[in-house]
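Participant: my_file-v3.txt is reproduced below (compact mmCIF, C-alpha atoms and all ligand atoms).
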# COMPACT_ATOMS: atom_id res chain seq x y z
CA MET A 26 0.00 0.00 0.00
CA MET A 27 1.31 3.43 -0.92
CA LEU A 28 2.24 5.70 1.89
CA ARG A 29 1.19 9.26 1.21
CA LYS A 30 4.09 11.25 2.51
CA LEU A 31 2.88 14.28 4.33
CA CYS A 32 4.65 16.06 7.09
CA LEU A 33 3.57 15.53 10.66
CA LEU A 34 3.09 18.90 12.22
CA GLY A 35 3.98 17.79 15.69
CA ALA A 36 3.59 15.05 18.21
CA SER A 37 0.07 14.44 19.37
CA VAL A 38 -0.72 15.24 22.97
CA GLY A 39 -3.97 13.58 23.90
CA ALA A 40 -5.53 10.72 22.06
CA PHE A 41 -7.84 12.95 20.08
CA SER A 42 -6.91 16.55 20.81
CA ALA A 43 -3.96 17.14 18.52
CA ALA A 44 -4.94 14.38 16.15
CA ALA A 45 -7.92 16.29 14.88
CA ALA A 46 -5.65 19.10 13.70
CA LEU A 47 -3.34 16.81 11.77
CA ALA A 48 -3.78 15.83 8.19
CA GLN A 49 -4.12 12.09 7.69
CA THR A 50 -0.60 10.94 6.88
CA ALA A 51 -1.08 7.43 5.64
CA GLU A 52 -3.68 5.31 3.97
CA VAL A 53 -5.46 3.21 6.53
CA ALA A 54 -7.28 -0.03 5.72
CA LEU A 55 -9.05 -2.53 7.91
CA THR A 56 -9.69 -6.19 7.17
CA ARG A 57 -11.79 -8.45 9.35
CA LEU A 58 -10.42 -11.98 9.72
CA ASP A 59 -12.56 -14.96 10.62
CA CYS A 60 -11.27 -16.18 13.98
CA GLY A 61 -13.97 -18.76 14.61
CA ASN A 62 -17.69 -19.33 14.96
CA GLY A 63 -19.85 -21.26 17.34
CA PHE A 64 -22.16 -20.90 20.25
CA ASN A 65 -22.03 -19.34 23.65
CA ASP A 66 -24.13 -19.55 26.77
CA SER A 67 -25.75 -16.13 26.61
CA ARG A 68 -27.13 -16.41 30.15
CA ARG A 69 -23.80 -15.38 31.58
CA PHE A 70 -23.91 -12.04 29.76
CA SER A 71 -26.72 -10.52 31.75
CA ASP A 72 -27.09 -10.06 35.45
CA THR A 73 -30.78 -9.27 34.99
CA PHE A 74 -31.42 -12.57 33.18
CA ALA A 75 -32.24 -10.76 29.95
CA TYR A 76 -30.81 -13.64 27.91
CA THR A 77 -32.07 -17.19 28.17
CA ASP A 78 -30.40 -19.01 25.27
CA PRO A 79 -27.70 -21.44 26.42
CA LYS A 80 -26.55 -21.84 22.80
CA MET A 81 -26.54 -18.37 21.29
CA PRO A 82 -24.66 -18.09 17.96
CA PHE A 83 -21.41 -16.29 18.48
CA THR A 84 -18.51 -15.26 16.28
CA PHE A 85 -14.86 -14.51 16.96
CA SER A 86 -13.14 -11.73 15.08
CA CYS A 87 -9.56 -10.71 14.47
CA TYR A 88 -8.53 -7.70 12.43
CA VAL A 89 -5.66 -6.42 10.35
CA VAL A 90 -5.06 -2.68 10.28
CA ARG A 91 -2.73 -1.41 7.59
CA HIS A 92 -1.34 2.04 8.17
CA GLY A 93 0.78 2.93 5.17
CA ASP A 94 3.39 0.18 5.12
CA ASP A 95 2.86 -0.73 8.77
CA VAL A 96 0.71 -3.66 9.85
CA MET A 97 -1.12 -4.02 13.13
CA VAL A 98 -3.15 -7.06 14.20
CA TRP A 99 -6.01 -6.60 16.66
CA ASP A 100 -6.90 -9.73 18.66
CA THR A 101 -5.76 -13.20 17.59
CA GLY A 102 -8.54 -15.73 18.35
CA PHE A 103 -8.30 -19.35 19.47
CA ASN A 104 -5.84 -21.73 17.85
CA PRO A 105 -7.33 -23.84 15.03
CA GLY A 106 -8.51 -27.13 16.51
CA GLN A 107 -8.38 -25.81 20.08
CA ASN A 108 -12.14 -26.16 20.60
CA PRO A 109 -15.39 -26.20 18.58
CA ASN A 110 -15.39 -22.37 18.37
CA ALA A 111 -11.87 -22.19 16.95
CA PRO A 112 -11.10 -20.89 13.46
CA LYS A 113 -10.50 -23.33 10.61
CA VAL A 114 -7.69 -21.27 9.09
CA SER A 115 -4.84 -19.97 11.23
CA LEU A 116 -4.05 -16.31 11.67
CA THR A 117 -0.73 -16.69 9.84
CA ASP A 118 -2.41 -18.42 6.90
CA GLN A 119 -5.00 -15.65 6.76
CA LEU A 120 -2.19 -13.08 6.88
CA ALA A 121 -0.43 -14.95 4.07
CA GLN A 122 -3.56 -14.58 1.96
CA LEU A 123 -3.10 -10.83 2.45
CA LYS A 124 0.59 -11.20 1.50
CA ILE A 125 1.68 -10.36 5.03
CA LYS A 126 4.46 -12.37 6.64
CA PRO A 127 4.35 -12.75 10.44
CA GLU A 128 7.57 -10.73 10.78
CA GLN A 129 5.92 -7.80 8.99
CA VAL A 130 3.41 -7.36 11.81
CA LYS A 131 4.69 -4.35 13.74
CA TYR A 132 2.08 -4.23 16.48
CA VAL A 133 -0.34 -6.69 17.99
CA GLY A 134 -3.01 -4.97 20.02
CA ILE A 135 -5.20 -7.13 22.18
CA SER A 136 -8.51 -6.14 23.70
CA HIS A 137 -7.93 -8.37 26.73
CA PHE A 138 -6.20 -11.51 27.95
CA HIS A 139 -8.97 -14.12 27.49
CA ALA A 140 -8.10 -17.13 25.33
CA ASP A 141 -10.59 -16.31 22.57
CA HIS A 142 -8.64 -13.09 21.90
CA THR A 143 -5.06 -14.17 22.48
CA SER A 144 -4.36 -17.84 21.71
CA GLN A 145 -2.58 -17.23 18.39
CA LEU A 146 -0.30 -14.53 19.77
CA PRO A 147 2.75 -16.85 19.66
CA SER A 148 2.48 -17.00 15.85
CA ILE A 149 3.51 -13.32 15.56
CA PRO A 150 6.42 -13.18 18.03
CA GLY A 151 8.13 -10.20 16.40
CA ALA A 152 5.18 -7.88 16.98
CA THR A 153 5.26 -5.32 19.76
CA LEU A 154 2.47 -6.19 22.17
CA LEU A 155 0.12 -3.32 22.98
CA ILE A 156 -1.74 -4.39 26.10
CA GLY A 157 -3.46 -2.46 28.86
CA GLN A 158 -1.13 -1.82 31.77
CA LYS A 159 -3.57 -3.23 34.32
CA GLU A 160 -4.05 -6.26 32.07
CA TRP A 161 -0.30 -6.80 31.95
CA GLU A 162 -0.06 -6.48 35.73
CA ALA A 163 -2.87 -9.02 36.26
CA LEU A 164 -1.24 -11.35 33.77
CA THR A 165 2.25 -11.16 35.21
CA ALA A 166 1.28 -11.19 38.89
CA ALA A 167 2.71 -13.96 41.07
CA LYS A 168 -0.79 -15.42 40.96
CA PRO A 169 -2.18 -14.42 37.55
CA MET A 170 -5.82 -13.41 37.44
CA GLN A 171 -8.33 -16.13 36.71
CA GLY A 172 -9.11 -16.32 32.99
CA ALA A 173 -5.78 -14.79 31.93
CA ASN A 174 -4.35 -16.82 29.08
CA VAL A 175 -0.78 -16.68 30.43
CA GLU A 176 0.48 -19.39 28.09
CA ALA A 177 -0.01 -17.23 25.00
CA PHE A 178 2.08 -14.39 26.48
CA LYS A 179 5.11 -16.42 27.57
CA HIS A 180 7.32 -15.06 24.79
CA TRP A 181 6.64 -11.48 25.95
CA ILE A 182 6.65 -12.25 29.67
CA SER A 183 10.07 -13.90 29.34
CA GLY A 184 11.46 -10.79 27.66
CA GLY A 185 11.67 -12.42 24.23
CA GLY A 186 9.18 -10.01 22.70
CA LYS A 187 8.63 -6.28 23.00
CA VAL A 188 5.72 -5.15 25.12
CA GLU A 189 4.33 -1.67 25.70
CA PRO A 190 1.79 -1.75 28.53
CA GLN A 191 -0.67 1.10 28.02
CA PRO A 192 -1.62 3.25 31.00
CA ALA A 193 -3.84 5.57 28.94
CA ASP A 194 -5.44 5.91 25.51
CA LYS A 195 -2.79 5.46 22.84
CA ASP A 196 -2.57 7.16 19.46
CA VAL A 197 -0.69 4.27 17.86
CA PHE A 198 0.72 5.99 14.77
CA GLY A 199 0.66 9.57 16.06
CA ASP A 200 -1.82 10.86 13.49
CA GLY A 201 -5.16 10.08 15.12
CA THR A 202 -6.11 7.32 12.71
CA VAL A 203 -5.69 4.36 15.07
CA THR A 204 -6.29 4.89 18.77
CA ILE A 205 -6.41 2.31 21.53
CA LEU A 206 -9.08 3.22 24.05
CA ARG A 207 -8.95 2.33 27.73
CA THR A 208 -12.22 0.50 28.39
CA PRO A 209 -11.71 -1.49 31.62
CA GLY A 210 -14.44 -3.49 33.31
CA HIS A 211 -14.71 -6.80 31.51
CA THR A 212 -11.08 -7.24 32.59
CA PRO A 213 -8.84 -4.78 34.47
CA GLY A 214 -6.99 -3.48 31.41
CA HIS A 215 -9.54 -4.10 28.69
CA GLN A 216 -9.18 -1.95 25.60
CA SER A 217 -11.15 -1.11 22.46
CA LEU A 218 -9.85 0.25 19.16
CA PHE A 219 -10.85 3.42 17.34
CA VAL A 220 -9.98 3.44 13.62
CA ARG A 221 -10.54 6.42 11.35
CA LEU A 222 -11.01 5.31 7.77
CA ALA A 223 -11.04 7.89 4.98
CA LYS A 224 -13.98 6.46 3.00
CA PHE A 225 -15.87 4.33 5.51
CA GLY A 226 -15.50 6.85 8.31
CA PRO A 227 -14.63 6.31 11.95
CA LEU A 228 -15.37 3.04 13.70
CA ILE A 229 -14.75 1.38 17.02
CA LEU A 230 -13.89 -2.28 17.55
CA SER A 231 -15.55 -3.22 20.81
CA GLY A 232 -13.33 -5.91 22.25
CA ASP A 233 -15.68 -7.49 24.80
CA LEU A 234 -17.12 -4.21 26.03
CA TYR A 235 -20.28 -5.64 24.44
CA HIS A 236 -21.01 -9.13 23.12
CA TYR A 237 -24.44 -8.51 21.58
CA PRO A 238 -25.99 -5.30 20.22
CA SER A 239 -28.86 -5.48 22.69
CA GLU A 240 -26.43 -4.96 25.56
CA ARG A 241 -26.18 -1.32 24.49
CA THR A 242 -29.77 -0.69 25.47
CA LEU A 243 -30.14 -3.24 28.26
CA LYS A 244 -27.47 -1.48 30.29
CA ASP A 245 -26.87 -4.49 32.48
CA PHE A 246 -23.64 -6.28 33.06
CA LEU A 247 -21.80 -9.51 32.69
CA PRO A 248 -20.05 -10.11 35.93
CA PHE A 249 -18.71 -13.52 34.85
CA GLY A 250 -19.36 -14.77 38.34
CA GLY A 251 -17.97 -11.61 39.87
CA ARG A 252 -14.75 -11.30 37.88
CA GLY A 253 -15.77 -8.18 35.97
CA ASN A 254 -15.97 -4.72 37.46
CA ASP A 255 -19.43 -3.27 36.83
CA ALA A 256 -18.59 0.28 37.88
CA GLN A 257 -15.58 0.44 35.56
CA GLU A 258 -17.55 -1.15 32.78
CA ALA A 259 -20.31 1.43 33.09
CA VAL A 260 -17.76 4.24 32.75
CA SER A 261 -16.15 2.52 29.75
CA LYS A 262 -19.49 2.04 28.03
CA ALA A 263 -20.40 5.68 28.61
CA LYS A 264 -17.03 6.74 27.19
CA VAL A 265 -17.48 4.67 24.04
CA GLU A 266 -21.12 5.67 23.54
CA ALA A 267 -20.10 9.34 23.82
CA LEU A 268 -17.28 8.86 21.34
CA LEU A 269 -19.56 7.05 18.89
CA LYS A 270 -21.94 10.00 19.03
CA ASP A 271 -19.28 12.69 18.96
CA LYS A 272 -17.33 11.19 16.05
CA GLY A 273 -20.35 9.77 14.22
CA ALA A 274 -18.56 6.43 14.46
CA THR A 275 -19.82 2.93 13.74
CA LEU A 276 -19.49 0.25 16.42
CA TRP A 277 -18.37 -3.23 15.41
CA ILE A 278 -19.14 -5.69 18.19
CA GLN A 279 -16.48 -8.32 17.70
CA HIS A 280 -18.61 -11.30 18.81
CA ASP A 281 -21.74 -10.19 16.90
CA ILE A 282 -22.30 -12.97 14.40
CA VAL A 283 -25.26 -11.26 12.72
CA ALA A 284 -23.48 -8.01 11.90
CA ASP A 285 -20.22 -9.74 11.03
CA ALA A 286 -21.98 -11.89 8.43
CA ASN A 287 -22.64 -8.71 6.47
CA LEU A 288 -19.06 -7.45 6.55
CA LYS A 289 -16.71 -7.72 3.58
CA LYS A 290 -14.76 -10.94 3.64
CA SER A 291 -10.96 -10.94 3.66
CA PRO A 292 -9.03 -10.15 1.48
CA ALA A 293 -11.58 -7.36 0.89
CA PHE A 294 -11.05 -4.43 3.21
CA TYR A 295 -12.50 -1.18 4.44
CA ASP A 296 -10.61 2.04 3.82
ZN ZN B 301 -14.40 -12.62 23.92
Output the structure of this file as structure tokens.

Facilitator:
Amino acid sequence: MMLRKLCLLGASVGAFSAAAALAQTAEVALTRLDCGNGFNDSRRFSDTFAYTDPKMPFTFSCYVVRHGDDVMVWDTGFNPGQNPNAPKVSLTDQLAQLKIKPEQVKYVGISHFHADHTSQLPSIPGATLLIGQKEWEALTAAKPMQGANVEAFKHWISGGGKVEPQPADKDVFGDGTVTILRTPGHTPGHQSLFVRLAKFGPLILSGDLYHYPSERTLKDFLPFGGRGNDAQEAVSKAKVEALLKDKGATLWIQHDIVADANLKKSPAFYD
């Protein structure tokens, strides 16, 4: 992809403040990868028993963001064969279809440390890991938090890979096109991803801030047996809803099998 060479006017300060004043410096494109399909027990996603289906269709999404010549992967899915929800085609094979070698992946951003978002991390060991600071702390604690997929992070935990734990929102490429958003609650360092596309417009990848569209109006929570933090999650949801409104952005709920079915299939992309 051609990189339009424009001059950066200065380093960005906040995630969105300076970015708005900058001209877009590189072409940005987003491809959704199929990281599995299956079913989930929806009852555990509502503390007001709004869902009753123990086998609700569910999808698992990974994404490739191209920023000029740079490549970022967002979430990595289960390993093929790991369980009935796992993808049929590996992340690296899907990247190969896009003519991307694993060593070309500069960044791997993960929404959170659960296995359905992180299991294929070891297949892109050269990528700098962009993880929430609180997530990293919970993962690397003497007694890692329950549900943390420690195995997938061993390369980075051992110092073999580069990691940049994020304490705040992060303007990844310094031009406001790709911004990691702090959205804790589901897990301590959960993050979502804002992507500004020239033609499609701005969009937000949810991570697991939501699992189903109806959660946006239900306004109840998914405490996962008490592991989530409802108060944090409420703040994160309010932050994202305000951003969606303010930026006129589209929300892509990563587990939403109905909406994902209508998205362009890789190698097609959004730009
Ligand atoms: Zn998930």

Participant: Restricting the calculation to only C-alpha atoms and all ligand atoms, which member of A:Asp255, A:Glu52, A:Asp141, A:Asp194 is positioned closest to ligand ZN 301 (chain B)?

Facilitator: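 Ranked by minimum distance to ligand ZN 301 (chain B), first place goes to A:Asp141.
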
Participant: I want to know what sits within 6 Å of segment 143-152 of chain A, based on all atoms listed in the file, with residues of the same chain fewer than 2 positions away left out; could you give that as JSON, numbers by chain?

Facilitator: {"A": [101, 102, 103, 104, 127, 128, 130, 131, 132, 133, 140, 141, 177]}

Participant: So which one's closest to Gly226 of chain A, A:Phe178, A:Tyr295, A:Phe85, A:Tyr76? Using only C-alpha atoms, please.

Facilitator: A:Tyr295

Participant: Between A:Gly232, A:Gly186, A:Gly63, A:Gly172, which residue has the minimum interatomic distance to ligand ZN 301 (chain B), considering all atoms listed in the file?

Facilitator: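 Closest to ligand ZN 301 (chain B), using all atoms listed in the file: A:Gly232.
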
Participant: Go through the chains and note each residue within 10 Å of ligand ZN 301 (chain B), using only C-alpha atoms and all ligand atoms, then give the set as a compact mmCIF listing (two decimals) with C-alpha atoms, keeping the file's coordinate frame.

Facilitator:
# COMPACT_ATOMS: atom_id res chain seq x y z
CA PHE A 83 -21.41 -16.29 18.48
CA THR A 84 -18.51 -15.26 16.28
CA PHE A 85 -14.86 -14.51 16.96
CA SER A 86 -13.14 -11.73 15.08
CA ASP A 100 -6.90 -9.73 18.66
CA GLY A 102 -8.54 -15.73 18.35
CA SER A 136 -8.51 -6.14 23.70
CA HIS A 137 -7.93 -8.37 26.73
CA PHE A 138 -6.20 -11.51 27.95
CA HIS A 139 -8.97 -14.12 27.49
CA ALA A 140 -8.10 -17.13 25.33
CA ASP A 141 -10.59 -16.31 22.57
CA HIS A 142 -8.64 -13.09 21.90
CA THR A 143 -5.06 -14.17 22.48
CA HIS A 211 -14.71 -6.80 31.51
CA SER A 231 -15.55 -3.22 20.81
CA GLY A 232 -13.33 -5.91 22.25
CA ASP A 233 -15.68 -7.49 24.80
CA LEU A 234 -17.12 -4.21 26.03
CA TYR A 235 -20.28 -5.64 24.44
CA HIS A 236 -21.01 -9.13 23.12
CA GLN A 279 -16.48 -8.32 17.70
CA HIS A 280 -18.61 -11.30 18.81

Participant: Determine, counting only C-alpha atoms, which protein, DNA and RNA residues have an atom within 12 Å of an atom of Met170 of chain A; residues of the same chain fewer than 3 positions away are not included. Present the result as an MDAnalysis selection string.

Facilitator: chainID A and resid 138:139 159:167 173:175 212:214 252:253

Participant: With distances taken over only C-alpha atoms, which residue among A:Phe219, A:Trp277, A:Tyr237, A:Tyr88 lies nearest Asn65 of chain A?

Facilitator: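 Of the candidates, the smallest distance to Asn65 of chain A is held by A:Tyr237.
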
Participant: Could you please determine the separation between atom CA of Phe294 of chain A and atom CA of Ser239 of chain A in Å, to one decimal place?

Facilitator: 26.4 Å

Participant: Report, in Å to a single decimal, how far apart atom CA of Pro238 of chain A and atom CA of Ala259 of chain A are.

Facilitator: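 Those two atoms sit 15.6 Å apart.
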
Participant: Just to confirm, what's the straight-line distance from atom CA of Thr56 of chain A to atom CA of Arg207 of chain A in Å (one decimal)?

Facilitator: 22.3 Å

Participant: Smallest atom-to-atom distance to Ile278 of chain A: which of A:Asp66, A:Glu240, A:Asp118, A:Asp94, using all atoms listed in the file?

Facilitator: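 Of the candidates, the smallest distance to Ile278 of chain A is held by A:Glu240.
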
Participant: Counting only C-alpha atoms, note down every residue that has an atom within 12 Å of the point (10.7, -1.7, 25.3) (file coordinates), as number ranges by chain.

Facilitator: A: 152-155, 181, 184-190

Participant: Between A:Gln129, A:Thr77, A:Gln119, A:Ser217, which is the closest to Pro105 of chain A once you count all atoms listed in the file?

Facilitator: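 Between A:Gln129, A:Thr77, A:Gln119, A:Ser217, the residue approaching Pro105 of chain A most closely is A:Gln119.
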
Participant: Got a sec: who's within 9 Å of Val53 of chain A, counting all atoms listed in the file, leaving out chain neighbours fewer than 6 positions off, as a PyMOL selection string?

Facilitator: chain A and resi 90-93+202-203+220-223+295-296

Participant: Please list as a list in words every residue within 10 Å of Pro292 of chain A, counting only C-alpha atoms and excluding residues in the same chain fewer than 5 positions away.

Facilitator: Leu55, Thr56, Arg57, Leu58, Gln119, Leu120, Gln122, Leu123 and Lys124 of chain A
